[in-house]
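Structure data follow from target-v4.txt (compact mmCIF, C-alpha atoms and all ligand atoms):
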# COMPACT_ATOMS: atom_id res chain seq x y z
CA MET F 6 -43.68 82.82 -24.89
CA ALA F 7 -44.10 79.10 -25.59
CA ILE F 8 -41.42 77.42 -27.63
CA LEU F 9 -42.45 75.89 -30.96
CA LEU F 10 -39.71 73.34 -31.42
CA GLY F 11 -37.85 71.40 -28.76
CA SER F 12 -34.84 69.21 -29.31
CA ILE F 13 -32.88 66.72 -27.23
CA ALA F 14 -29.34 66.30 -28.57
CA ASP F 15 -27.34 63.18 -27.77
CA ASP F 16 -24.05 65.13 -27.53
CA TYR F 17 -22.84 68.73 -27.10
CA THR F 18 -21.26 69.41 -30.48
CA GLY F 19 -24.25 67.84 -32.24
CA ALA F 20 -26.46 70.20 -30.23
CA SER F 21 -24.45 73.23 -31.36
CA ASP F 22 -24.57 72.06 -34.95
CA LEU F 23 -28.37 71.74 -34.77
CA ALA F 24 -28.84 75.05 -32.91
CA ASN F 25 -26.74 76.76 -35.57
CA THR F 26 -28.77 75.13 -38.38
CA LEU F 27 -32.08 76.16 -36.77
CA THR F 28 -30.82 79.74 -36.37
CA LYS F 29 -29.62 79.93 -39.98
CA ASN F 30 -33.01 78.69 -41.11
CA GLY F 31 -35.00 81.34 -39.28
CA LEU F 32 -35.59 80.15 -35.69
CA ARG F 33 -34.37 82.13 -32.72
CA THR F 34 -32.66 79.36 -30.80
CA VAL F 35 -31.17 78.65 -27.39
CA GLN F 36 -28.88 75.72 -26.61
CA THR F 37 -28.89 74.59 -22.99
CA VAL F 38 -26.17 72.53 -21.36
CA GLY F 39 -28.13 69.72 -19.72
CA ILE F 40 -31.70 70.15 -18.50
CA PRO F 41 -31.98 73.74 -17.29
CA ASP F 42 -32.48 74.58 -13.67
CA PRO F 43 -36.06 75.81 -13.05
CA SER F 44 -34.66 79.21 -12.04
CA LEU F 45 -32.97 79.81 -15.41
CA ALA F 46 -34.67 82.68 -17.24
CA LEU F 47 -34.59 82.11 -21.00
CA PRO F 48 -35.21 84.84 -23.55
CA ASP F 49 -38.17 84.54 -25.94
CA VAL F 50 -37.11 81.94 -28.46
CA ASP F 51 -38.70 79.69 -31.09
CA ALA F 52 -36.52 76.65 -30.34
CA VAL F 53 -34.61 75.14 -27.44
CA VAL F 54 -31.94 72.46 -27.94
CA ILE F 55 -31.08 70.59 -24.74
CA SER F 56 -27.54 69.18 -24.97
CA LEU F 57 -27.08 65.84 -23.25
CA LYS F 58 -24.21 63.31 -23.39
CA ILE F 59 -26.20 60.14 -24.03
CA ARG F 60 -24.87 58.79 -27.33
CA SER F 61 -22.74 56.03 -25.84
CA VAL F 62 -24.12 55.55 -22.31
CA PRO F 63 -26.24 52.50 -21.29
CA ALA F 64 -29.65 52.64 -23.05
CA SER F 65 -31.62 52.84 -19.78
CA ASP F 66 -29.63 55.95 -18.74
CA ALA F 67 -30.17 57.55 -22.14
CA VAL F 68 -33.91 56.87 -21.97
CA ALA F 69 -34.22 58.34 -18.46
CA ALA F 70 -32.30 61.51 -19.36
CA ALA F 71 -34.20 62.00 -22.63
CA ALA F 72 -37.54 61.50 -20.83
CA SER F 73 -36.73 64.27 -18.34
CA ALA F 74 -35.61 66.58 -21.14
CA GLU F 75 -38.81 65.85 -23.06
CA GLN F 76 -40.94 66.76 -20.05
CA TRP F 77 -39.06 70.03 -19.64
CA LEU F 78 -39.62 70.92 -23.31
CA ARG F 79 -43.33 69.96 -23.31
CA GLN F 80 -43.94 71.98 -20.15
CA ARG F 81 -42.66 75.00 -22.06
CA GLY F 82 -45.03 74.40 -24.92
CA ALA F 83 -42.95 72.45 -27.42
CA GLY F 84 -45.44 70.89 -29.83
CA HIS F 85 -42.75 68.88 -31.55
CA VAL F 86 -39.57 67.33 -30.12
CA LEU F 87 -36.66 66.33 -32.35
CA TYR F 88 -34.28 63.73 -30.94
CA LYS F 89 -31.00 64.93 -32.47
CA ILE F 90 -28.66 62.10 -33.38
CA CYS F 91 -25.43 61.98 -35.37
CA SER F 92 -25.74 62.14 -39.15
CA THR F 93 -23.72 58.92 -39.28
CA PHE F 94 -26.28 57.12 -37.08
CA ASP F 95 -23.60 56.45 -34.41
CA SER F 96 -25.05 53.71 -32.21
CA THR F 97 -24.69 50.07 -31.22
CA ASP F 98 -27.13 47.15 -31.42
CA ALA F 99 -28.19 48.08 -27.88
CA GLY F 100 -29.08 51.64 -28.82
CA ASN F 101 -29.47 54.37 -28.10
CA ILE F 102 -31.43 55.62 -31.09
CA GLY F 103 -34.12 52.89 -30.98
CA PRO F 104 -34.78 52.85 -27.22
CA VAL F 105 -34.89 56.67 -26.94
CA THR F 106 -37.11 57.03 -30.03
CA GLU F 107 -39.56 54.43 -28.67
CA ALA F 108 -39.57 56.02 -25.22
CA LEU F 109 -40.23 59.51 -26.62
CA SER F 110 -43.00 58.15 -28.82
CA GLU F 111 -44.59 56.38 -25.86
CA ALA F 112 -44.40 59.54 -23.71
CA ALA F 113 -46.21 61.42 -26.48
CA GLY F 114 -49.05 58.93 -26.78
CA GLY F 115 -47.44 56.30 -29.00
CA ASP F 116 -47.50 58.05 -32.35
CA VAL F 117 -45.29 56.99 -35.26
CA VAL F 118 -41.84 58.69 -35.54
CA LEU F 119 -40.07 59.76 -38.74
CA VAL F 120 -36.35 58.93 -38.53
CA THR F 121 -33.64 60.21 -40.89
CA PRO F 122 -29.99 61.10 -40.37
CA ALA F 123 -29.78 62.68 -43.85
CA PHE F 124 -27.87 66.00 -44.02
CA PRO F 125 -27.04 66.62 -47.69
CA GLU F 126 -24.90 69.70 -46.89
CA THR F 127 -22.37 67.37 -45.24
CA GLY F 128 -22.79 64.52 -47.72
CA ARG F 129 -25.10 62.34 -45.61
CA THR F 130 -27.91 60.96 -47.78
CA VAL F 131 -30.36 58.09 -47.34
CA TYR F 132 -31.67 56.03 -50.26
CA LEU F 133 -33.88 52.97 -49.86
CA GLY F 134 -33.01 53.09 -46.19
CA HIS F 135 -29.26 52.93 -46.84
CA LEU F 136 -27.06 55.69 -45.41
CA PHE F 137 -24.30 57.10 -47.59
CA VAL F 138 -21.41 59.15 -46.22
CA GLY F 139 -20.15 61.14 -49.18
CA GLY F 140 -19.92 58.62 -52.00
CA GLN F 141 -19.65 55.55 -49.76
CA PRO F 142 -22.20 53.37 -48.00
CA LEU F 143 -21.88 53.81 -44.22
CA ASN F 144 -20.26 50.38 -43.74
CA GLU F 145 -17.49 51.20 -46.25
CA SER F 146 -16.90 54.74 -44.93
CA PRO F 147 -14.36 55.62 -42.20
CA LEU F 148 -17.23 55.04 -39.72
CA LYS F 149 -16.61 51.30 -40.03
CA ASP F 150 -13.55 51.91 -37.81
CA HIS F 151 -15.13 54.34 -35.33
CA PRO F 152 -13.46 53.72 -31.94
CA LEU F 153 -16.71 53.68 -29.92
CA ASN F 154 -19.48 52.78 -32.38
CA PRO F 155 -18.12 51.01 -35.49
CA MET F 156 -20.86 50.98 -38.15
CA HIS F 157 -20.92 47.73 -40.14
CA ASP F 158 -24.37 47.96 -41.74
CA ALA F 159 -25.60 50.76 -44.03
CA ASN F 160 -29.21 49.48 -43.99
CA LEU F 161 -30.79 51.68 -41.32
CA VAL F 162 -34.03 49.70 -41.22
CA ARG F 163 -31.98 46.69 -40.12
CA VAL F 164 -29.80 48.76 -37.75
CA LEU F 165 -32.80 50.37 -36.06
CA THR F 166 -34.73 47.08 -35.93
CA ARG F 167 -31.90 45.55 -33.89
CA GLN F 168 -32.29 48.40 -31.36
CA SER F 169 -36.09 48.45 -31.25
CA ARG F 170 -38.89 46.48 -29.66
CA ASN F 171 -41.38 47.29 -32.41
CA ALA F 172 -41.18 46.90 -36.18
CA VAL F 173 -39.39 49.58 -38.23
CA GLY F 174 -40.79 50.87 -41.54
CA LEU F 175 -39.36 52.65 -44.59
CA ILE F 176 -40.68 55.60 -46.57
CA ASP F 177 -38.81 55.61 -49.85
CA LEU F 178 -37.72 58.48 -52.04
CA THR F 179 -40.48 57.95 -54.60
CA THR F 180 -43.10 58.56 -51.92
CA ILE F 181 -41.22 61.58 -50.57
CA ALA F 182 -40.85 63.06 -54.07
CA ALA F 183 -44.65 62.82 -54.40
CA GLY F 184 -44.95 65.40 -51.59
CA PRO F 185 -46.28 65.74 -48.02
CA GLY F 186 -49.69 64.24 -48.86
CA ALA F 187 -48.16 60.98 -50.09
CA VAL F 188 -45.84 60.78 -47.07
CA LYS F 189 -48.77 61.35 -44.68
CA MET F 190 -50.73 58.53 -46.29
CA ARG F 191 -47.77 56.15 -45.97
CA LEU F 192 -47.29 57.22 -42.35
CA ASP F 193 -50.98 56.52 -41.69
CA SER F 194 -50.63 52.98 -42.96
CA PHE F 195 -47.63 52.42 -40.66
CA ARG F 196 -49.61 53.94 -37.78
CA THR F 197 -52.44 51.47 -38.41
CA ALA F 198 -49.95 48.59 -38.52
CA GLY F 199 -48.53 49.61 -35.12
CA VAL F 200 -45.10 50.54 -36.43
CA THR F 201 -43.31 53.07 -34.18
CA ALA F 202 -40.26 54.19 -36.15
CA VAL F 203 -40.04 54.78 -39.88
CA ILE F 204 -36.74 55.41 -41.68
CA ALA F 205 -37.22 58.11 -44.32
CA ASP F 206 -35.08 58.52 -47.43
CA ALA F 207 -33.75 62.00 -48.22
CA ILE F 208 -31.18 63.08 -50.77
CA PHE F 209 -31.90 66.77 -51.31
CA GLU F 210 -32.86 69.55 -48.90
CA HIS F 211 -36.23 69.60 -50.63
CA ASP F 212 -36.85 66.04 -49.34
CA LEU F 213 -36.08 67.26 -45.82
CA GLU F 214 -38.49 70.18 -46.26
CA THR F 215 -41.22 67.66 -47.14
CA LEU F 216 -40.32 65.49 -44.15
CA GLY F 217 -40.16 68.54 -41.86
CA GLU F 218 -43.67 69.57 -42.86
CA VAL F 219 -45.06 66.09 -42.16
CA ALA F 220 -43.06 65.61 -38.96
CA LEU F 221 -44.41 68.89 -37.53
CA GLU F 222 -47.85 67.29 -37.42
CA THR F 223 -46.49 64.49 -35.24
CA PRO F 224 -45.15 64.87 -31.68
CA VAL F 225 -41.66 63.39 -32.13
CA SER F 226 -39.02 62.91 -34.82
CA THR F 227 -35.49 61.56 -34.80
CA GLY F 228 -32.76 62.91 -37.04
CA ALA F 229 -29.66 64.99 -37.61
CA SER F 230 -29.35 68.69 -38.40
CA GLY F 231 -30.82 68.02 -41.86
CA LEU F 232 -34.20 67.17 -40.34
CA GLY F 233 -33.77 70.26 -38.15
CA LEU F 234 -33.45 72.29 -41.34
CA GLY F 235 -36.65 70.73 -42.68
CA LEU F 236 -38.55 71.41 -39.45
CA ALA F 237 -37.28 75.02 -39.22
CA ARG F 238 -38.23 75.82 -42.80
CA ALA F 239 -41.66 74.22 -42.34
CA LEU F 240 -42.25 76.34 -39.22
CA VAL F 241 -41.21 79.52 -41.03
CA ARG F 242 -43.48 78.65 -44.00
CA SER F 243 -46.37 78.03 -41.61
CA GLY F 244 -46.16 81.67 -40.45
CA ARG F 245 -45.93 80.62 -36.79
CA ILE F 246 -42.60 82.34 -36.12
CA SER F 247 -43.68 85.45 -34.25
CA SER F 248 -40.13 86.71 -33.78
CA GLY F 249 -40.19 87.46 -37.51
CA GLY F 250 -37.22 85.18 -38.06
CA ALA F 251 -34.00 84.88 -36.19
CA THR F 252 -32.09 88.03 -35.50
CA THR F 253 -28.66 87.24 -34.25
CA ALA F 254 -27.74 90.87 -33.57
CA ASP F 255 -28.62 90.81 -29.86
CA ALA F 256 -26.50 87.68 -29.41
CA ILE F 257 -23.37 89.66 -30.24
CA ARG F 258 -24.00 92.77 -28.23
CA PRO F 259 -20.55 93.71 -26.77
CA VAL F 260 -19.63 92.21 -23.41
CA GLY F 261 -16.24 93.89 -22.96
CA GLY F 262 -13.68 92.24 -20.68
CA LEU F 263 -10.52 90.44 -21.72
CA SER F 264 -10.20 87.84 -24.46
CA ALA F 265 -8.36 84.52 -24.75
CA ILE F 266 -8.05 81.40 -26.86
CA VAL F 267 -7.58 77.92 -25.39
CA ALA F 268 -6.77 75.07 -27.77
CA GLY F 269 -6.80 71.31 -27.21
CA SER F 270 -7.55 70.19 -30.74
CA CYS F 271 -4.63 68.52 -32.49
CA SER F 272 -6.27 68.63 -35.93
CA LYS F 273 -4.29 69.82 -38.93
CA ALA F 274 -6.53 72.88 -39.28
CA THR F 275 -6.10 73.93 -35.63
CA LEU F 276 -2.31 73.46 -35.74
CA HIS F 277 -2.15 75.75 -38.78
CA GLN F 278 -4.53 78.30 -37.17
CA LEU F 279 -2.17 78.40 -34.16
CA ASP F 280 0.85 79.04 -36.40
CA VAL F 281 -1.04 81.89 -38.05
CA ALA F 282 -2.17 83.33 -34.68
CA GLU F 283 1.45 83.39 -33.52
CA ARG F 284 2.10 86.24 -35.99
CA SER F 285 -0.33 88.58 -34.22
CA MET F 286 -0.65 87.49 -30.58
CA PRO F 287 1.32 85.74 -27.83
CA VAL F 288 0.93 81.93 -27.96
CA LEU F 289 1.97 79.61 -25.13
CA ARG F 290 2.60 76.01 -26.19
CA LEU F 291 2.01 73.85 -23.14
CA ASP F 292 4.32 70.94 -22.41
CA PRO F 293 1.93 67.93 -22.45
CA GLU F 294 4.22 65.72 -20.35
CA ARG F 295 4.47 68.38 -17.66
CA LEU F 296 0.68 68.82 -17.84
CA LEU F 297 0.25 65.14 -17.05
CA ALA F 298 2.89 65.21 -14.33
CA GLY F 299 1.06 67.64 -12.01
CA PRO F 300 -0.39 71.11 -11.52
CA ASP F 301 2.86 73.07 -12.13
CA GLU F 302 2.36 73.49 -15.87
CA ILE F 303 -1.16 74.83 -15.29
CA ALA F 304 0.17 77.38 -12.78
CA THR F 305 2.91 78.40 -15.23
CA ALA F 306 0.32 78.91 -17.98
CA ILE F 307 -1.95 81.02 -15.78
CA SER F 308 0.92 83.21 -14.64
CA TRP F 309 2.21 83.57 -18.27
CA ALA F 310 -1.27 84.60 -19.43
CA GLY F 311 -1.79 86.91 -16.44
CA ASP F 312 1.35 88.88 -17.37
CA ARG F 313 0.14 89.52 -20.92
CA ILE F 314 -3.63 89.43 -21.09
CA SER F 315 -4.39 93.04 -20.17
CA ALA F 316 -2.48 94.09 -23.31
CA GLY F 317 -4.56 91.95 -25.68
CA PRO F 318 -5.72 88.41 -26.44
CA VAL F 319 -3.46 85.45 -25.59
CA VAL F 320 -3.46 81.86 -26.78
CA VAL F 321 -2.77 78.84 -24.56
CA ALA F 322 -2.46 75.57 -26.53
CA ALA F 323 -1.96 71.94 -25.57
CA SER F 324 -2.29 71.05 -29.26
CA ALA F 325 0.60 69.12 -30.72
CA ALA F 326 1.63 67.36 -33.91
CA PRO F 327 0.66 63.69 -34.44
CA GLU F 328 4.13 62.30 -33.46
CA THR F 329 4.02 64.10 -30.08
CA VAL F 330 0.43 63.01 -29.48
CA SER F 331 1.20 59.34 -30.27
CA ARG F 332 4.26 59.38 -28.01
CA LEU F 333 2.20 60.72 -25.11
CA GLN F 334 -0.59 58.24 -25.83
CA SER F 335 1.81 55.28 -25.88
CA LEU F 336 3.21 56.40 -22.51
CA TYR F 337 -0.06 57.18 -20.69
CA GLY F 338 -2.85 55.63 -22.82
CA ARG F 339 -5.12 57.41 -25.31
CA GLU F 340 -8.06 58.05 -23.02
CA ALA F 341 -6.09 58.91 -19.91
CA SER F 342 -3.87 61.44 -21.68
CA GLY F 343 -6.78 63.00 -23.58
CA HIS F 344 -8.87 63.29 -20.44
CA ALA F 345 -6.02 64.71 -18.35
CA ILE F 346 -5.28 67.36 -20.97
CA GLU F 347 -8.99 68.26 -21.28
CA THR F 348 -9.08 68.73 -17.51
CA ALA F 349 -5.98 70.93 -17.65
CA THR F 350 -7.23 73.12 -20.52
CA SER F 351 -10.63 73.48 -18.82
CA ILE F 352 -8.96 74.59 -15.57
CA ILE F 353 -6.87 77.12 -17.51
CA ALA F 354 -10.01 78.44 -19.26
CA ALA F 355 -11.83 78.77 -15.93
CA GLU F 356 -8.88 80.55 -14.29
CA LEU F 357 -8.70 83.00 -17.20
CA VAL F 358 -12.42 83.74 -16.80
CA GLU F 359 -11.78 84.23 -13.11
CA ARG F 360 -9.19 86.88 -14.13
CA GLY F 361 -11.61 88.81 -16.31
CA VAL F 362 -11.81 86.99 -19.65
CA ARG F 363 -15.31 87.44 -21.10
CA ARG F 364 -14.58 86.57 -24.73
CA LEU F 365 -13.31 83.03 -25.04
CA VAL F 366 -12.50 80.87 -28.05
CA VAL F 367 -12.00 77.12 -27.45
CA ALA F 368 -10.60 74.84 -30.14
CA GLY F 369 -11.55 71.16 -29.99
CA GLY F 370 -14.89 69.37 -29.55
CA GLU F 371 -14.03 67.46 -26.38
CA THR F 372 -11.92 70.37 -25.17
CA SER F 373 -14.93 72.68 -25.55
CA GLY F 374 -17.27 70.26 -23.74
CA ALA F 375 -14.88 70.05 -20.78
CA ALA F 376 -14.50 73.85 -20.66
CA VAL F 377 -18.26 74.51 -20.81
CA ASP F 378 -18.86 71.96 -18.05
CA ARG F 379 -16.17 73.45 -15.80
CA LEU F 380 -17.40 77.00 -16.40
CA ALA F 381 -20.92 75.69 -15.52
CA ILE F 382 -22.49 77.75 -18.30
CA PRO F 383 -26.22 76.88 -18.26
CA ALA F 384 -27.18 77.94 -21.80
CA PHE F 385 -26.29 79.83 -24.96
CA LEU F 386 -28.11 82.08 -27.38
CA ILE F 387 -26.91 81.30 -30.91
CA GLY F 388 -25.39 84.20 -32.81
CA PRO F 389 -24.06 84.67 -36.34
CA GLU F 390 -21.57 82.26 -37.88
CA ILE F 391 -17.84 82.99 -37.74
CA ALA F 392 -17.10 80.12 -40.13
CA PRO F 393 -19.41 77.39 -41.48
CA GLY F 394 -20.72 75.43 -38.49
CA VAL F 395 -19.19 77.72 -35.83
CA PRO F 396 -21.48 80.45 -34.48
CA VAL F 397 -20.76 83.09 -31.85
CA LEU F 398 -22.47 81.99 -28.63
CA ARG F 399 -23.78 84.35 -25.94
CA THR F 400 -24.08 82.87 -22.47
CA ILE F 401 -27.42 82.90 -20.69
CA GLY F 402 -27.60 82.85 -16.89
CA ASN F 403 -23.81 82.70 -16.50
CA ALA F 404 -22.57 83.29 -12.95
CA GLN F 405 -19.71 85.55 -14.14
CA GLY F 406 -22.03 87.71 -16.26
CA ASP F 407 -22.53 87.66 -20.02
CA MET F 408 -19.74 86.13 -22.07
CA LEU F 409 -19.22 85.51 -25.78
CA LEU F 410 -17.78 82.15 -26.77
CA ALA F 411 -16.74 80.38 -29.94
CA LEU F 412 -16.48 76.59 -29.63
CA LYS F 413 -14.70 75.17 -32.64
CA SER F 414 -14.53 71.48 -33.56
CA GLY F 415 -11.09 70.47 -34.79
CA ASN F 416 -11.20 70.87 -38.54
CA PHE F 417 -13.51 73.87 -38.72
CA GLY F 418 -12.58 77.40 -39.75
CA GLY F 419 -10.12 79.06 -42.10
CA GLU F 420 -6.49 79.81 -41.24
CA ASP F 421 -7.36 83.17 -39.65
CA PHE F 422 -10.20 81.69 -37.59
CA PHE F 423 -8.94 82.99 -34.25
CA THR F 424 -8.63 86.63 -35.33
CA ALA F 425 -11.90 86.38 -37.28
CA ALA F 426 -13.66 85.08 -34.15
CA LEU F 427 -12.28 87.79 -31.89
CA ALA F 428 -13.18 90.47 -34.44
CA MET F 429 -16.85 89.45 -34.09
CA MET F 430 -16.69 89.18 -30.30
CA ARG F 431 -16.49 92.65 -28.76
P1 LIG R 501 -11.02 67.79 -32.14
O1 LIG R 501 -12.27 68.60 -32.23
O2 LIG R 501 -9.92 68.27 -33.03
O3 LIG R 501 -11.29 66.30 -32.25
P2 LIG R 501 -10.94 67.42 -29.30
O4 LIG R 501 -10.80 68.46 -28.26
O5 LIG R 501 -12.28 66.78 -29.48
O6 LIG R 501 -10.44 68.05 -30.66
O7 LIG R 501 -9.93 66.24 -29.08
C1 LIG R 501 -8.57 66.47 -28.91
C2 LIG R 501 -8.07 65.57 -27.78
O8 LIG R 501 -6.64 65.58 -27.79
C3 LIG R 501 -8.52 66.03 -26.43
O9 LIG R 501 -8.85 64.92 -25.63
C4 LIG R 501 -7.25 66.72 -25.88
O10 LIG R 501 -7.22 66.72 -24.47
C5 LIG R 501 -6.18 65.85 -26.47
N1 LIG R 501 -4.88 66.50 -26.56
C6 LIG R 501 -4.62 67.83 -26.68
N2 LIG R 501 -3.30 68.05 -26.75
C7 LIG R 501 -2.71 66.85 -26.71
C8 LIG R 501 -1.35 66.41 -26.74
N3 LIG R 501 -0.35 67.31 -26.85
N4 LIG R 501 -1.09 65.10 -26.66
C9 LIG R 501 -2.11 64.20 -26.55
N5 LIG R 501 -3.42 64.55 -26.53
C10 LIG R 501 -3.71 65.84 -26.59

As structure tokens:
Amino acid sequence: MAILLGSIADDYTGASDLANTLTKNGLRTVQTVGIPDPSLALPDVDAVVISLKIRSVPASDAVAAAASAEQWLRQRGAGHVLYKICSTFDSTDAGNIGPVTEALSEAAGGDVVLVTPAFPETGRTVYLGHLFVGGQPLNESPLKDHPLNPMHDANLVRVLTRQSRNAVGLIDLTTIAAGPGAVKMRLDSFRTAGVTAVIADAIFEHDLETLGEVALETPVSTGASGLGLGLARALVRSGRISSGGATTADAIRPVGGLSAIVAGSCSKATLHQLDVAERSMPVLRLDPERLLAGPDEIATAISWAGDRISAGPVVVAASAAPETVSRLQSLYGREASGHAIETATSIIAAELVERGVRRLVVAGGETSGAAVDRLAIPAFLIGPEIAPGVPVLRTIGNAQGDMLLALKSGNFGGEDFFTAALAMMR
């Protein structure tokens, strides 16, 4: 079956967020890790989200990777491709939102592209082209101090113009409130003027539904999960979803095997979830300095887990309180220590899978990315949500057989997240 909606996500956790949003809004969705191998057999789905890591790489690399992903999606029938960016418009003056948007437009015949990072559910709204994060303009929000892409300008028309070869337009809220017909007319005038990218205001989900309906008639759009919501709802309204809406039941068919939790997030929520888990299952707190010193701590962890895992789920955590993290970072550097610990937790996850774990919870965005890469999982079918923003994932084409995973970004989930996740993963 041909897919109806394709998406290229500029990072892994953004891809999961979008895939989850599409599923919740009625599309049966698969998230792939990178561009799938031609031999990968995908189930019948309405949408495919290809996860790439191109948010902060050189623009030419991002364009090349996105172009290959676009070809893959078009060959499988995708009539519309959404370039999924961060809802805070994370980028620099060099890109990569502008260059990738222009390249995707060009590949699809040069049509105009609607662009909006609005996602009202998470407080991201756009008014007169200005992005607000909660109650603050982008340049006054914590994003002004982002370590990789500090955002100093809330005016997205200006931001995108600096990254683009062609002129950038604006469709304001008044036009959007007037409905799809008014937006189409405005888009036509930009088309005639040779404008490639048009920032669109959106404050409410209804605005995104209007934009989704209009975008579906064009080949490419650029936006966050909010625009995904608009596109999904427009597709469902159009009656083109033959699967009769997303059923997540087959994504959580039992897989059996052993279960484990690996944590690398040091967020307040994760630290509390670990304390709560300690009441009902064995938890190993790794020694971060020993982890950095060599492979011994990894071997100790694997042997500790091996002794206990047949009796029930175990937790292995590198997570530590802020004072411990800062001490380690001042000794070894922020990036080096983070990367070394991600490598260690991903090796531990892979070794546990080697020993029969088929239900795996990973806490931490970067920690999850490293684990998924090491496990070489090609794709996931999106299942029901465990907590807002965290679905159960079923592997597709996994060498070790079907697994269920939950990949949790730091602050997500309630205090009993780990037991709640395992209760849904049988
Ligand atoms: P979150 O989703 O909470 O941001 P991430 O996994 O993205 O979690 O980031 C957490 C980072 O902290 C990872 O790079 C991880 O390797 C690192 N880390 C984990 N434990 C420690 C520790 N004890 N000391 C220093 N860094 C750590």

(message) With all atoms listed in the file as the counted atoms, please give the residues lying no more than 10 Å from Thr18 of chain F, apart from itself and same-chain residues fewer than 4 positions off, as an NGL selection string.
(response) :F and (14 or 22-24 or 56-58 or 91 or 369-371 or 373-374 or 412-414)

(request) Find, counting all atoms listed in the file, the residue in F:Ile353, F:Ile204, F:Ile401, F:Ile346 that gets nearest to ligand LIG 501 (chain R). (result) F:Ile346

(message) As an exercise, work out the distance from atom O7 of ligand LIG 501 (chain R) to atom CA of Arg332 of chain F in Å and give it to one decimal place.
(response) 15.8 Å

(message) Need the shell around segment 383-385 of chain F: protein/DNA/RNA residues with any atom at most 7 Å away, counting all atoms listed in the file. Skip same-chain ones fewer than 3 positions apart. Format as number ranges by chain?
(response) F: 35-38, 41, 398-403

(message) When you look at Ala64 of chain F with a cut-off of 10 Å (counting all atoms listed in the file), what residues show up, excluding the ones that are within fewer than 3 positions of it in the same chain? I need them as JSON, numbers by chain.
(response) {"F": [59, 60, 61, 67, 68, 69, 70, 97, 99, 100, 101, 102, 103, 104, 105, 168]}

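Considering only C-alpha atoms and all ligand atoms, the residue among F:Asp255, F:Asp292, F:Asp16, F:Asp116 positioned nearest to ligand LIG 501 (chain R) is F:Asp292.
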
Around the point (-3.3, 82.3, -20.9) in the file's coordinates, collect all residues with an atom within 6 Å, using only C-alpha atoms, and return them as a PDB file with C-alpha atoms, in the coordinates of the input.
ATOM      1  CA  ALA F 306       0.320  78.910 -17.980  1.00  0.00           C
ATOM      2  CA  ILE F 307      -1.950  81.020 -15.780  1.00  0.00           C
ATOM      3  CA  ALA F 310      -1.270  84.600 -19.430  1.00  0.00           C
ATOM      4  CA  VAL F 319      -3.460  85.450 -25.590  1.00  0.00           C
ATOM      5  CA  VAL F 320      -3.460  81.860 -26.780  1.00  0.00           C
ATOM      6  CA  VAL F 321      -2.770  78.840 -24.560  1.00  0.00           C
TER       7      VAL F 321
END

(message) Just the number, please: distance in Å from atom CA of Thr34 of chain F to atom CA of Ala52 of chain F, one decimal.
(response) 4.7 Å

(request) Could you give me the residues within 6 Å of ligand LIG 501 (chain R), counting all atoms listed in the file, as a PyMOL selection string? (result) chain F and resi 269-272+293+323-325+330+333+342-344+346-347+369-372+414-415

Axis-aligned box over every listed atom of segment 26-43 of chain F, padded by 4 Å per side: centre and edges in Å to one decimal, as lines of an AutoDock Vina configuration file?
center_x = -31.1
center_y = 75.9
center_z = -27.1
size_x = 17.9
size_y = 20.4
size_z = 36.1

Residues near Leu9 of chain F, cut-off 9 Å, only C-alpha atoms, skip fewer than 5 positions along chain, as a PDB file with C-alpha atoms, in the coordinates of the input:
ATOM      1  CA  VAL F  50     -37.110  81.940 -28.460  1.00  0.00           C
ATOM      2  CA  ASP F  51     -38.700  79.690 -31.090  1.00  0.00           C
ATOM      3  CA  ALA F  52     -36.520  76.650 -30.340  1.00  0.00           C
ATOM      4  CA  VAL F  53     -34.610  75.140 -27.440  1.00  0.00           C
ATOM      5  CA  ARG F  81     -42.660  75.000 -22.060  1.00  0.00           C
ATOM      6  CA  GLY F  82     -45.030  74.400 -24.920  1.00  0.00           C
ATOM      7  CA  ALA F  83     -42.950  72.450 -27.420  1.00  0.00           C
ATOM      8  CA  GLY F  84     -45.440  70.890 -29.830  1.00  0.00           C
ATOM      9  CA  HIS F  85     -42.750  68.880 -31.550  1.00  0.00           C
ATOM     10  CA  LEU F 240     -42.250  76.340 -39.220  1.00  0.00           C
ATOM     11  CA  ARG F 245     -45.930  80.620 -36.790  1.00  0.00           C
ATOM     12  CA  ILE F 246     -42.600  82.340 -36.120  1.00  0.00           C
TER      13      ILE F 246
END

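Comparing F:Ala375, F:Ala411, F:Ser92, F:Ala282 by their smallest distance to Ile387 of chain F, the closest is F:Ala411 (using all atoms listed in the file).
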
(request) Provide the atom CA of Val395 of chain F to atom CA of Ala74 of chain F distance in Å, to one decimal place. (result) 24.7 Å

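Closest to Val267 of chain F among F:Pro152, F:Pro318, F:Pro300, F:Gly114 is F:Pro318, based on only C-alpha atoms.
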
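Among the candidates F:Val118, F:Ala268, F:Leu45, F:Leu291, the residue lying nearest to Ala404 of chain F is F:Leu45 (atoms considered: all atoms listed in the file).
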
(message) Restricting the calculation to all atoms listed in the file: of F:Thr201, F:Ser331, F:Asn25, F:Thr166, which residue gets closest to Glu111 of chain F?
(response) F:Thr201
